[in-house]
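So the structure is just underneath, and the comments pick up after that.
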Amino acid sequence: MIKLSLHADRQLNERDLSLKDIESVINKPDQLVSAKTKGRKIAQKIIFRSKIKFLYRVVYVKEGHDFLVITAYRTTKIEKYWEGELNENKL
């Protein structure tokens with residue numbers, strides 16, 4: 001189950017992100033990286049919206065079988081956050 005922190009709930013509304021988007025990123029990430037804060041992970045997924053390529057990033061903590069989303073956002077600065085080489089099919 002995916003739970004939202006109060007901060008994440010506000011951010012989803014402010015950033016016009018849907019829970020469906022967040023579920024997609026967590027359930028089928030293109031990349032999973034460690035966050036600077038111990039215990040946190042970042043799920044990343046490249047998604048096209050209105051012909052624009054975005055990197056969706058979801059910061060979460062795993063609590064048993066549940067995911068507590070700390071924050072989520074999308075960016076066009078994919079190369080800034082992607083770890084390793086980008087698959088040409090993603091660009």
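Identifiers in this document derive from the order of the structure tokens: chains are assigned A, B, ..., residues are numbered from 1 separately in each chain, and ligands are numbered from 1 in order of occurrence.
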From a DSSP pass on the backbone, collect the residues of region 4-76 of chain A flagged as alpha helix (DSSP H) and hand them back as an MDAnalysis selection string. chainID A and resid 6:14 19:27
Please save all heavy atoms of the selected residues as a short mmCIF file (atom, residue, chain, number, x, y, z; two decimals), in the first residue's frame.
```cif
data_model
loop_
_atom_site.label_atom_id
_atom_site.label_comp_id
_atom_site.auth_asym_id
_atom_site.auth_seq_id
_atom_site.Cartn_x
_atom_site.Cartn_y
_atom_site.Cartn_z
N LEU A 6 2.11 14.06 4.96
CA LEU A 6 1.38 15.32 4.81
C LEU A 6 2.06 16.21 3.77
O LEU A 6 1.41 16.81 2.92
CB LEU A 6 1.28 16.03 6.17
CG LEU A 6 0.39 17.25 6.24
CD1 LEU A 6 -1.03 16.92 5.81
CD2 LEU A 6 0.39 17.82 7.66
N HIS A 7 3.39 16.25 3.84
CA HIS A 7 4.16 17.04 2.88
C HIS A 7 3.93 16.54 1.45
O HIS A 7 3.69 17.33 0.53
CB HIS A 7 5.65 16.97 3.23
CG HIS A 7 6.53 17.62 2.22
ND1 HIS A 7 6.65 18.98 2.10
CD2 HIS A 7 7.33 17.09 1.26
CE1 HIS A 7 7.49 19.26 1.12
NE2 HIS A 7 7.92 18.13 0.59
N ALA A 8 4.01 15.23 1.25
CA ALA A 8 3.82 14.65 -0.09
C ALA A 8 2.42 14.93 -0.61
O ALA A 8 2.23 15.25 -1.78
CB ALA A 8 4.09 13.15 -0.06
N ASP A 9 1.43 14.83 0.25
CA ASP A 9 0.05 15.09 -0.16
C ASP A 9 -0.10 16.53 -0.67
O ASP A 9 -0.70 16.77 -1.71
CB ASP A 9 -0.90 14.83 1.01
CG ASP A 9 -2.35 14.86 0.60
OD1 ASP A 9 -2.68 14.31 -0.48
OD2 ASP A 9 -3.17 15.43 1.35
N ARG A 10 0.49 17.47 0.03
CA ARG A 10 0.46 18.87 -0.40
C ARG A 10 1.22 19.05 -1.71
O ARG A 10 0.76 19.76 -2.61
CB ARG A 10 1.07 19.79 0.67
CG ARG A 10 0.13 20.08 1.83
CD ARG A 10 0.66 21.23 2.67
NE ARG A 10 2.00 20.93 3.17
CZ ARG A 10 2.29 20.66 4.44
NH1 ARG A 10 1.35 20.66 5.34
NH2 ARG A 10 3.52 20.39 4.80
N GLN A 11 2.38 18.41 -1.80
CA GLN A 11 3.20 18.56 -3.00
C GLN A 11 2.51 17.99 -4.24
O GLN A 11 2.61 18.58 -5.32
CB GLN A 11 4.57 17.89 -2.81
CG GLN A 11 5.44 18.56 -1.78
CD GLN A 11 5.71 20.01 -2.13
OE1 GLN A 11 6.20 20.33 -3.20
NE2 GLN A 11 5.39 20.91 -1.21
N LEU A 12 1.82 16.88 -4.10
CA LEU A 12 1.10 16.31 -5.24
C LEU A 12 0.07 17.31 -5.76
O LEU A 12 -0.06 17.49 -6.98
CB LEU A 12 0.43 15.00 -4.85
CG LEU A 12 1.20 13.73 -5.21
CD1 LEU A 12 2.53 13.66 -4.52
CD2 LEU A 12 0.38 12.51 -4.94
N ASN A 13 -0.64 17.95 -4.86
CA ASN A 13 -1.64 18.93 -5.28
C ASN A 13 -0.97 20.15 -5.93
O ASN A 13 -1.39 20.60 -6.98
CB ASN A 13 -2.50 19.37 -4.10
CG ASN A 13 -3.44 18.29 -3.64
OD1 ASN A 13 -3.97 17.54 -4.45
ND2 ASN A 13 -3.65 18.20 -2.35
N GLU A 14 0.07 20.67 -5.31
CA GLU A 14 0.75 21.86 -5.82
C GLU A 14 1.45 21.59 -7.15
O GLU A 14 1.53 22.48 -8.00
CB GLU A 14 1.78 22.37 -4.81
CG GLU A 14 1.16 23.00 -3.59
CD GLU A 14 2.20 23.41 -2.56
OE1 GLU A 14 3.40 23.47 -2.89
OE2 GLU A 14 1.80 23.68 -1.41
N LEU A 19 -1.97 10.43 -7.87
CA LEU A 19 -1.58 9.23 -7.13
C LEU A 19 -1.30 8.10 -8.11
O LEU A 19 -0.41 7.28 -7.88
CB LEU A 19 -2.68 8.84 -6.14
CG LEU A 19 -2.35 7.71 -5.17
CD1 LEU A 19 -1.06 7.99 -4.41
CD2 LEU A 19 -3.49 7.48 -4.21
N LYS A 20 -2.01 8.07 -9.22
CA LYS A 20 -1.78 7.06 -10.26
C LYS A 20 -0.35 7.17 -10.80
O LYS A 20 0.32 6.16 -11.01
CB LYS A 20 -2.79 7.24 -11.39
CG LYS A 20 -2.69 6.22 -12.48
CD LYS A 20 -3.75 6.46 -13.53
CE LYS A 20 -3.57 5.50 -14.70
NZ LYS A 20 -4.55 5.74 -15.75
N ASP A 21 0.14 8.41 -11.02
CA ASP A 21 1.52 8.62 -11.46
C ASP A 21 2.50 8.07 -10.43
O ASP A 21 3.47 7.39 -10.78
CB ASP A 21 1.81 10.11 -11.69
CG ASP A 21 1.10 10.70 -12.88
OD1 ASP A 21 0.81 9.95 -13.85
OD2 ASP A 21 0.82 11.92 -12.85
N ILE A 22 2.26 8.38 -9.18
CA ILE A 22 3.14 7.95 -8.09
C ILE A 22 3.18 6.43 -8.00
O ILE A 22 4.24 5.82 -7.86
CB ILE A 22 2.70 8.58 -6.74
CG1 ILE A 22 2.71 10.11 -6.83
CG2 ILE A 22 3.58 8.08 -5.59
CD1 ILE A 22 3.95 10.73 -7.36
N GLU A 23 2.01 5.81 -8.10
CA GLU A 23 1.94 4.34 -8.06
C GLU A 23 2.72 3.73 -9.22
O GLU A 23 3.43 2.74 -9.04
CB GLU A 23 0.49 3.88 -8.10
CG GLU A 23 -0.26 4.17 -6.82
CD GLU A 23 -1.75 3.90 -6.92
OE1 GLU A 23 -2.28 3.74 -8.05
OE2 GLU A 23 -2.40 3.86 -5.86
N SER A 24 2.61 4.32 -10.39
CA SER A 24 3.33 3.83 -11.56
C SER A 24 4.84 3.90 -11.36
O SER A 24 5.56 2.96 -11.70
CB SER A 24 2.92 4.65 -12.80
OG SER A 24 3.72 4.33 -13.90
N VAL A 25 5.31 4.99 -10.80
CA VAL A 25 6.75 5.16 -10.57
C VAL A 25 7.24 4.16 -9.53
O VAL A 25 8.29 3.53 -9.72
CB VAL A 25 7.06 6.61 -10.15
CG1 VAL A 25 8.54 6.76 -9.78
CG2 VAL A 25 6.68 7.59 -11.25
N ILE A 26 6.52 4.00 -8.44
CA ILE A 26 6.95 3.08 -7.37
C ILE A 26 6.86 1.62 -7.82
O ILE A 26 7.76 0.83 -7.56
CB ILE A 26 6.13 3.32 -6.09
CG1 ILE A 26 6.55 4.63 -5.44
CG2 ILE A 26 6.31 2.17 -5.11
CD1 ILE A 26 5.76 5.02 -4.22
N ASN A 27 5.78 1.27 -8.51
CA ASN A 27 5.57 -0.13 -8.89
C ASN A 27 6.43 -0.59 -10.05
O ASN A 27 6.79 -1.76 -10.13
CB ASN A 27 4.09 -0.38 -9.19
CG ASN A 27 3.23 -0.31 -7.95
OD1 ASN A 27 3.67 -0.64 -6.86
ND2 ASN A 27 2.01 0.15 -8.11
#
```
May I have the residues within 6 Å of region 65-70 of chain A as a count of residues only, using only C-alpha atoms and disregarding those fewer than 4 positions away in the same chain? 9
Interatomic distance, CA of Ile47 (chain A) to CA of Gly64 (chain A) (Å, one decimal): 27.7 Å
Find the residues around Val58 (chain A) up to 7 Å (only C-alpha atoms counted), leave out those fewer than 4 positions away in its own chain, and share them as a VMD selection string. chain A and resid 22 42 to 44 69 71 to 73
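Of note, CA of Leu86 (chain A) and CA of Lys28 (chain A) are spaced 16.8 Å apart.
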Running DSSP on the backbone, which parts of chain A land in strand (DSSP E), as number ranges by chain? A: 2-4, 31-34, 40-49, 52-63, 66-75
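Closest to Glu83 (chain A) among A:Leu32, A:Ile46, A:Gly39, A:Glu63 is A:Leu32, based on only C-alpha atoms.
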Which residues come within 12 Å of Trp82 (chain A), counting only C-alpha atoms, excluding same-chain residues fewer than 4 positions away, as a ChimeraX atom specification? /A:30-34,42-46,54-57,75-78,86-87,90-91
With only C-alpha atoms as the atoms that count, which of A:Tyr81, A:Lys36, A:Arg74, A:Arg15 lies nearest to Phe48 (chain A)?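 For Phe48 (chain A), the nearest of the given residues is A:Arg74.
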